[in-house]
Amino acid sequence: MLNQIKYLSTRGGESSLSYEDVLLSGLARDGGLFMPEEWPRFSLSDLNDMKGLSYAELACKIMSPFMSPCLTEDEVLKMSEDTYSNFNNDDVASLHKFEDNLHILELFHGPTLAFKDYAMQFLSRAFNKALQNKNKRGVILGATSGDTGSAALEAFKGKENIDIFILFPHGRVSEVQQKQMTWINEKGAYALSVKTDFDGCQEIVKDCFEDLTFKDQYSLSAINSINWVRLLPQIVYYFYSGLKVGAPDQEIAFSVPTGNFGNILAGWMAKKIGLPVSKLICGSNQNDILTRFFNNGIMERKNVVPSFSPSMDIQVSSNFERLLFEICDRDPLRVKEQMDTFKKTGSFQISQNEMSKVSNLFSAYMVSNDETLDIIKKAYTNYNYILDPHSAVGYGAAQKALNDKIINHDMPLVSLACAHPAKFPDIISKANNILPELPPHLKFMMSSEEKFQIIDPSVLDVQHFIKSNVRLI
Ligand SMILES: *Cc1c(COP(=O)(O)O)cnc(C)c1O
């Protein structure tokens, strides 16, 4: 096993960085994303040894090589235990069997009931620890269309070295999503309802980061899904579930509802470091840029249309750049050229030779709104199980892959369930004529008082709010 992994940028401008450097900076200075310079590799006997481990122990085993020498294995274990004891399920990530070789992986047992908790809860601890080590304080600033903001506020609240400010579009997030952000009443954690749309919120955040004096004075950091440490903890549940359904003796197929390409990329990384993964099925809703790409090698941006799975209403999947880097044999100039073309023209194309490097592993399917409802209905009728709309897209894509014989029924298939159905009551009741029951802590949350500020869409107003509320630096 490698005992020290360095990081580089996919666009070639930075290299030899430590885990701590990439954690705190998020995005590379040249606009690229961070990747490890080398991949560790777990052997067959390592995989067999992993079988008896608890979720936190496994997390430590898999993540430690990527964090050394900044953190010792013991420190990673403590952080993992602290992170995952916070999940309201003994198993942390539990499998629900529909049929032999057909499993749903429930990734919604964290505090905000979506898979983003697995990484965000860990990230907040990693950040706090890194800042403590440097004897520094930091400010997190982010914009959200719903899920990421609640996962982030929930994860970073109460961390003594960090203040967090999340902007959300006024009146444009769902009731549950708003409550998940606004019921939090702690010093240093702020939800700001900004009188604009999501793009407007994002624009303000971007401007704050580009104001370098402001950025440096307040040590601003971003926690969006391109941060390497948002991906790392997601590798763990591929191993955890894969080992339970037959790996390493059998190859496993995974189906993943996909938006920004972070979650499914973690599946690709799991394979890279030793898990026998036979197939990664990428499910999209009508915003199907990735499905089109995997079918014709052309990445072409179109307008975003609202769907029943809002957390996947995305046209630019930022994490895809990491796979592109590998597809181009880690040639940063080629990556930069493609990304520049994409920015300028809204599309880029890879060669057949490049495509052949991923076309055996990845298959992609689009699942429409009508199909999503139909799948939710069928899962309820056939298995008495309520899938949330995102999970239904993943499961629907898996069904299409089975029908096309891309995967066969002898191979264990794990379909990722990324959110609890109670987060999307309107769509569930449309499909099944029932309302999904709220888990107890969500019931409590829905009846608590809200704390948030309504604010005009102005960079100066947001900066002023931060300046007057930030704890002493
Ligand atoms: C964020 C999210 C997704 C998309 O995951 P990516 O890593 O962005 O591809 C899918 N489902 C749910 C419920 C999400 O919150």
# chains A, B, ... in the order shown; residues from 1 in each chain; ligands from 1
call {"tool": "residues_near_ligand", "arguments": {"ligand": "ligand 1", "cutoff": "6 Å", "atoms": "only C-alpha atoms and all ligand atoms", "output": "list in words"}}
result
Ala114, Asp147, Pro257, Thr258, Gly259, Asn260, Phe261, Gly262, Asn263, Ser311, Met312, His390, Cys418 and Ala419 of chain A
call {"tool": "residues_around", "arguments": {"residues": "segment 282-284 of chain A", "least_positions_apart": "5", "cutoff": "8 Å", "atoms": "only C-alpha atoms", "output": "list in words"}}
result
Ser255, Val256, Pro257, Thr258, Gly259, Ile264, Leu290, Thr291, Met312, Phe362, Ser363, Ala364, Tyr365, Met366, Val367, Val393, Gly394, Gly396, Ala397 and Ala398 of chain A
call {"tool": "write_last_selection", "arguments": {"atoms": "N, CA and C atoms", "output": "short mmCIF file (atom, residue, chain, number, x, y, z; two decimals), in the first residue's frame"}}
result
data_model
loop_
_atom_site.label_atom_id
_atom_site.label_comp_id
_atom_site.auth_asym_id
_atom_site.auth_seq_id
_atom_site.Cartn_x
_atom_site.Cartn_y
_atom_site.Cartn_z
N SER A 255 -26.15 0.60 -9.80
CA SER A 255 -26.91 1.59 -10.56
C SER A 255 -27.04 2.86 -9.71
N VAL A 256 -26.75 4.01 -10.31
CA VAL A 256 -26.61 5.24 -9.53
C VAL A 256 -27.37 6.40 -10.18
N PRO A 257 -28.36 6.96 -9.47
CA PRO A 257 -29.03 8.16 -10.00
C PRO A 257 -28.04 9.32 -9.99
N THR A 258 -27.86 9.97 -11.11
CA THR A 258 -26.69 10.84 -11.26
C THR A 258 -27.04 12.27 -11.66
N GLY A 259 -26.32 13.22 -11.05
CA GLY A 259 -26.47 14.64 -11.38
C GLY A 259 -25.12 15.24 -11.69
N ILE A 264 -21.41 8.49 -8.65
CA ILE A 264 -21.04 7.39 -9.54
C ILE A 264 -19.52 7.36 -9.76
N LEU A 290 -25.55 13.34 -19.51
CA LEU A 290 -24.62 12.22 -19.33
C LEU A 290 -25.06 11.00 -20.12
N THR A 291 -26.37 10.74 -20.15
CA THR A 291 -26.87 9.61 -20.93
C THR A 291 -26.52 9.80 -22.40
N MET A 312 -31.13 16.26 -9.31
CA MET A 312 -30.40 15.85 -10.50
C MET A 312 -30.72 16.75 -11.69
N PHE A 362 -19.32 1.73 -18.12
CA PHE A 362 -20.49 2.59 -17.91
C PHE A 362 -21.57 2.33 -18.94
N SER A 363 -22.83 2.28 -18.49
CA SER A 363 -23.97 2.36 -19.41
C SER A 363 -24.91 3.39 -18.82
N ALA A 364 -25.65 4.09 -19.68
CA ALA A 364 -26.47 5.17 -19.15
C ALA A 364 -27.88 5.12 -19.73
N TYR A 365 -28.86 5.48 -18.89
CA TYR A 365 -30.25 5.50 -19.33
C TYR A 365 -30.95 6.74 -18.79
N MET A 366 -31.86 7.27 -19.60
CA MET A 366 -32.71 8.37 -19.17
C MET A 366 -34.04 7.80 -18.68
N VAL A 367 -34.51 8.31 -17.57
CA VAL A 367 -35.80 7.87 -17.03
C VAL A 367 -36.69 9.11 -16.92
N VAL A 393 -35.21 6.78 -10.31
CA VAL A 393 -34.46 6.95 -11.56
C VAL A 393 -33.32 5.93 -11.63
N GLY A 394 -32.62 5.73 -10.53
CA GLY A 394 -31.54 4.74 -10.49
C GLY A 394 -32.07 3.35 -10.75
N GLY A 396 -34.92 2.53 -12.13
CA GLY A 396 -35.47 2.45 -13.49
C GLY A 396 -34.36 2.21 -14.52
N ALA A 397 -33.22 2.88 -14.33
CA ALA A 397 -32.09 2.67 -15.24
C ALA A 397 -31.59 1.23 -15.12
N ALA A 398 -31.58 0.71 -13.90
CA ALA A 398 -31.14 -0.68 -13.69
C ALA A 398 -32.06 -1.64 -14.44
#
call {"tool": "residues_around", "arguments": {"residues": "segment 370-383 of chain A", "least_positions_apart": "5", "cutoff": "8 Å", "atoms": "only C-alpha atoms", "output": "list in words"}}
result
Phe98, Phe308, Asp388, Pro389, Ala392, Val393, Tyr395, Gly396, Ile427, Ile428, Lys430, Ala431 and Asn432 of chain A
call {"tool": "closest_residue", "arguments": {"among": "A:Ser415, A:Gln315, A:Asn287, A:Asn369", "to": "Gly267 of chain A", "atoms": "only C-alpha atoms"}}
result
A:Ser415
call {"tool": "residues_around", "arguments": {"residues": "Ser193 of chain A", "least_positions_apart": "5", "cutoff": "9 Å", "atoms": "only C-alpha atoms", "output": "list in words"}}
result
Ile166, Leu167, Phe168, Pro169, His170, Gly171, Phe452, Gln453, Ile454, Ile455 and Asp456 of chain A
call {"tool": "write_last_selection", "arguments": {"atoms": "all heavy atoms", "output": "mmCIF file, in the first residue's frame"}}
result
data_model
loop_
_atom_site.group_PDB
_atom_site.id
_atom_site.type_symbol
_atom_site.label_atom_id
_atom_site.label_comp_id
_atom_site.auth_asym_id
_atom_site.auth_seq_id
_atom_site.Cartn_x
_atom_site.Cartn_y
_atom_site.Cartn_z
ATOM 1 N N ILE A 166 -25.202 29.838 4.377
ATOM 2 C CA ILE A 166 -25.756 29.180 3.193
ATOM 3 C C ILE A 166 -26.861 30.059 2.594
ATOM 4 O O ILE A 166 -27.785 30.479 3.297
ATOM 5 C CB ILE A 166 -26.340 27.794 3.557
ATOM 6 C CG1 ILE A 166 -25.230 26.842 4.020
ATOM 7 C CG2 ILE A 166 -27.124 27.191 2.387
ATOM 8 C CD1 ILE A 166 -24.250 26.406 2.948
ATOM 9 N N LEU A 167 -26.733 30.350 1.306
ATOM 10 C CA LEU A 167 -27.756 31.144 0.612
ATOM 11 C C LEU A 167 -28.714 30.205 -0.121
ATOM 12 O O LEU A 167 -28.272 29.313 -0.834
ATOM 13 C CB LEU A 167 -27.116 32.072 -0.430
ATOM 14 C CG LEU A 167 -25.864 32.861 -0.052
ATOM 15 C CD1 LEU A 167 -25.524 33.850 -1.176
ATOM 16 C CD2 LEU A 167 -26.048 33.599 1.247
ATOM 17 N N PHE A 168 -30.018 30.431 0.090
ATOM 18 C CA PHE A 168 -30.977 29.659 -0.697
ATOM 19 C C PHE A 168 -31.989 30.593 -1.359
ATOM 20 O O PHE A 168 -32.220 31.702 -0.860
ATOM 21 C CB PHE A 168 -31.650 28.564 0.144
ATOM 22 C CG PHE A 168 -32.594 29.055 1.222
ATOM 23 C CD1 PHE A 168 -33.949 29.231 0.971
ATOM 24 C CD2 PHE A 168 -32.124 29.306 2.518
ATOM 25 C CE1 PHE A 168 -34.823 29.652 1.968
ATOM 26 C CE2 PHE A 168 -32.993 29.736 3.520
ATOM 27 C CZ PHE A 168 -34.338 29.910 3.244
ATOM 28 N N PRO A 169 -32.560 30.198 -2.498
ATOM 29 C CA PRO A 169 -33.469 31.097 -3.219
ATOM 30 C C PRO A 169 -34.809 31.221 -2.496
ATOM 31 O O PRO A 169 -35.464 30.224 -2.206
ATOM 32 C CB PRO A 169 -33.641 30.423 -4.578
ATOM 33 C CG PRO A 169 -33.273 28.986 -4.370
ATOM 34 C CD PRO A 169 -32.315 28.932 -3.220
ATOM 35 N N HIS A 170 -35.167 32.485 -2.199
ATOM 36 C CA HIS A 170 -36.361 32.772 -1.403
ATOM 37 C C HIS A 170 -37.626 32.171 -2.033
ATOM 38 O O HIS A 170 -37.937 32.451 -3.184
ATOM 39 C CB HIS A 170 -36.512 34.298 -1.271
ATOM 40 C CG HIS A 170 -37.629 34.706 -0.355
ATOM 41 N ND1 HIS A 170 -37.608 34.422 0.984
ATOM 42 C CD2 HIS A 170 -38.787 35.362 -0.596
ATOM 43 C CE1 HIS A 170 -38.705 34.889 1.545
ATOM 44 N NE2 HIS A 170 -39.440 35.464 0.605
ATOM 45 N N GLY A 171 -38.327 31.352 -1.272
ATOM 46 C CA GLY A 171 -39.601 30.796 -1.734
ATOM 47 C C GLY A 171 -39.464 29.742 -2.825
ATOM 48 O O GLY A 171 -40.455 29.350 -3.434
ATOM 49 N N PHE A 452 -34.176 32.250 10.134
ATOM 50 C CA PHE A 452 -33.460 32.622 8.916
ATOM 51 C C PHE A 452 -33.623 34.105 8.634
ATOM 52 O O PHE A 452 -34.493 34.753 9.195
ATOM 53 C CB PHE A 452 -33.908 31.773 7.714
ATOM 54 C CG PHE A 452 -35.327 32.029 7.255
ATOM 55 C CD1 PHE A 452 -35.569 32.823 6.125
ATOM 56 C CD2 PHE A 452 -36.410 31.450 7.902
ATOM 57 C CE1 PHE A 452 -36.862 33.037 5.678
ATOM 58 C CE2 PHE A 452 -37.712 31.658 7.463
ATOM 59 C CZ PHE A 452 -37.941 32.461 6.342
ATOM 60 N N GLN A 453 -32.735 34.634 7.793
ATOM 61 C CA GLN A 453 -32.792 36.043 7.411
ATOM 62 C C GLN A 453 -33.209 36.137 5.960
ATOM 63 O O GLN A 453 -32.711 35.373 5.133
ATOM 64 C CB GLN A 453 -31.404 36.684 7.532
ATOM 65 C CG GLN A 453 -31.084 37.259 8.884
ATOM 66 C CD GLN A 453 -30.948 36.192 9.945
ATOM 67 O OE1 GLN A 453 -30.467 35.106 9.670
ATOM 68 N NE2 GLN A 453 -31.384 36.503 11.142
ATOM 69 N N ILE A 454 -34.125 37.082 5.670
ATOM 70 C CA ILE A 454 -34.431 37.357 4.269
ATOM 71 C C ILE A 454 -33.538 38.512 3.840
ATOM 72 O O ILE A 454 -33.382 39.489 4.574
ATOM 73 C CB ILE A 454 -35.913 37.724 4.092
ATOM 74 C CG1 ILE A 454 -36.776 36.544 4.565
ATOM 75 C CG2 ILE A 454 -36.228 38.052 2.632
ATOM 76 C CD1 ILE A 454 -38.247 36.821 4.595
ATOM 77 N N ILE A 455 -32.934 38.370 2.669
ATOM 78 C CA ILE A 455 -31.907 39.342 2.313
ATOM 79 C C ILE A 455 -32.011 39.663 0.817
ATOM 80 O O ILE A 455 -32.431 38.815 0.028
ATOM 81 C CB ILE A 455 -30.529 38.766 2.733
ATOM 82 C CG1 ILE A 455 -29.434 39.804 2.732
ATOM 83 C CG2 ILE A 455 -30.118 37.602 1.918
ATOM 84 C CD1 ILE A 455 -28.222 39.342 3.549
ATOM 85 N N ASP A 456 -31.654 40.909 0.452
ATOM 86 C CA ASP A 456 -31.698 41.296 -0.965
ATOM 87 C C ASP A 456 -30.544 40.656 -1.730
ATOM 88 O O ASP A 456 -29.500 40.398 -1.153
ATOM 89 C CB ASP A 456 -31.614 42.826 -1.103
ATOM 90 C CG ASP A 456 -32.952 43.475 -0.791
ATOM 91 O OD1 ASP A 456 -33.990 42.846 -1.096
ATOM 92 O OD2 ASP A 456 -32.962 44.589 -0.227
#
call {"tool": "atom_distance", "arguments": {"atom1": "atom CA of Asp117 of chain A", "atom2": "atom CA of Asp30 of chain A"}}
result
28.8 Å
call {"tool": "atom_distance", "arguments": {"atom1": "atom CA of Asp329 of chain A", "atom2": "atom CA of Gly274 of chain A"}}
result
19.2 Å
call {"tool": "residues_around", "arguments": {"residues": "Asp249 of chain A", "least_positions_apart": "4", "cutoff": "10 Å", "atoms": "only C-alpha atoms", "output": "PyMOL selection string"}}
result
chain A and resi 44+47-48+243+245+276
call {"tool": "closest_residue", "arguments": {"among": "A:Ser307, A:Ser447, A:Ser241, A:Asn161", "to": "Lys136 of chain A", "atoms": "only C-alpha atoms"}}
result
A:Asn161
call {"tool": "residues_around", "arguments": {"residues": "segment 55-67 of chain A", "least_positions_apart": "6", "cutoff": "6 Å", "atoms": "only C-alpha atoms", "output": "list of chain:residue names"}}
result
A:Ile5, A:Tyr19, A:Glu73, A:Val76, A:Leu77, A:Ser80, A:Glu81, A:Val236
call {"tool": "residues_around", "arguments": {"residues": "Asp410 of chain A", "least_positions_apart": "2", "cutoff": "12 Å", "atoms": "only C-alpha atoms", "output": "list in words"}}
result
Glu99, Asp100, Asn101, Leu102, Val245, Gly246, Gln250, Glu251, Ile252, Ala253, Leu402, Lys405, Ile407, Asn408, Pro412 and Leu413 of chain A
call {"tool": "atom_distance", "arguments": {"atom1": "atom CA of Tyr237 of chain A", "atom2": "atom CA of Arg322 of chain A"}}
result
19.9 Å
call {"tool": "select_by_dssp", "arguments": {"residues": "segment 241-278 of chain A", "states": "alpha helix (DSSP H)", "output": "number ranges by chain"}}
result
A: 241-244, 262-272
call {"tool": "closest_residue", "arguments": {"among": "A:Leu17, A:Ala143, A:Ala126, A:Ala119", "to": "Asp207 of chain A", "atoms": "only C-alpha atoms"}}
result
A:Ala143
call {"tool": "closest_residue", "arguments": {"among": "A:Phe254, A:Ala155, A:Pro425, A:Ser448", "to": "Thr182 of chain A", "atoms": "only C-alpha atoms"}}
result
A:Ser448
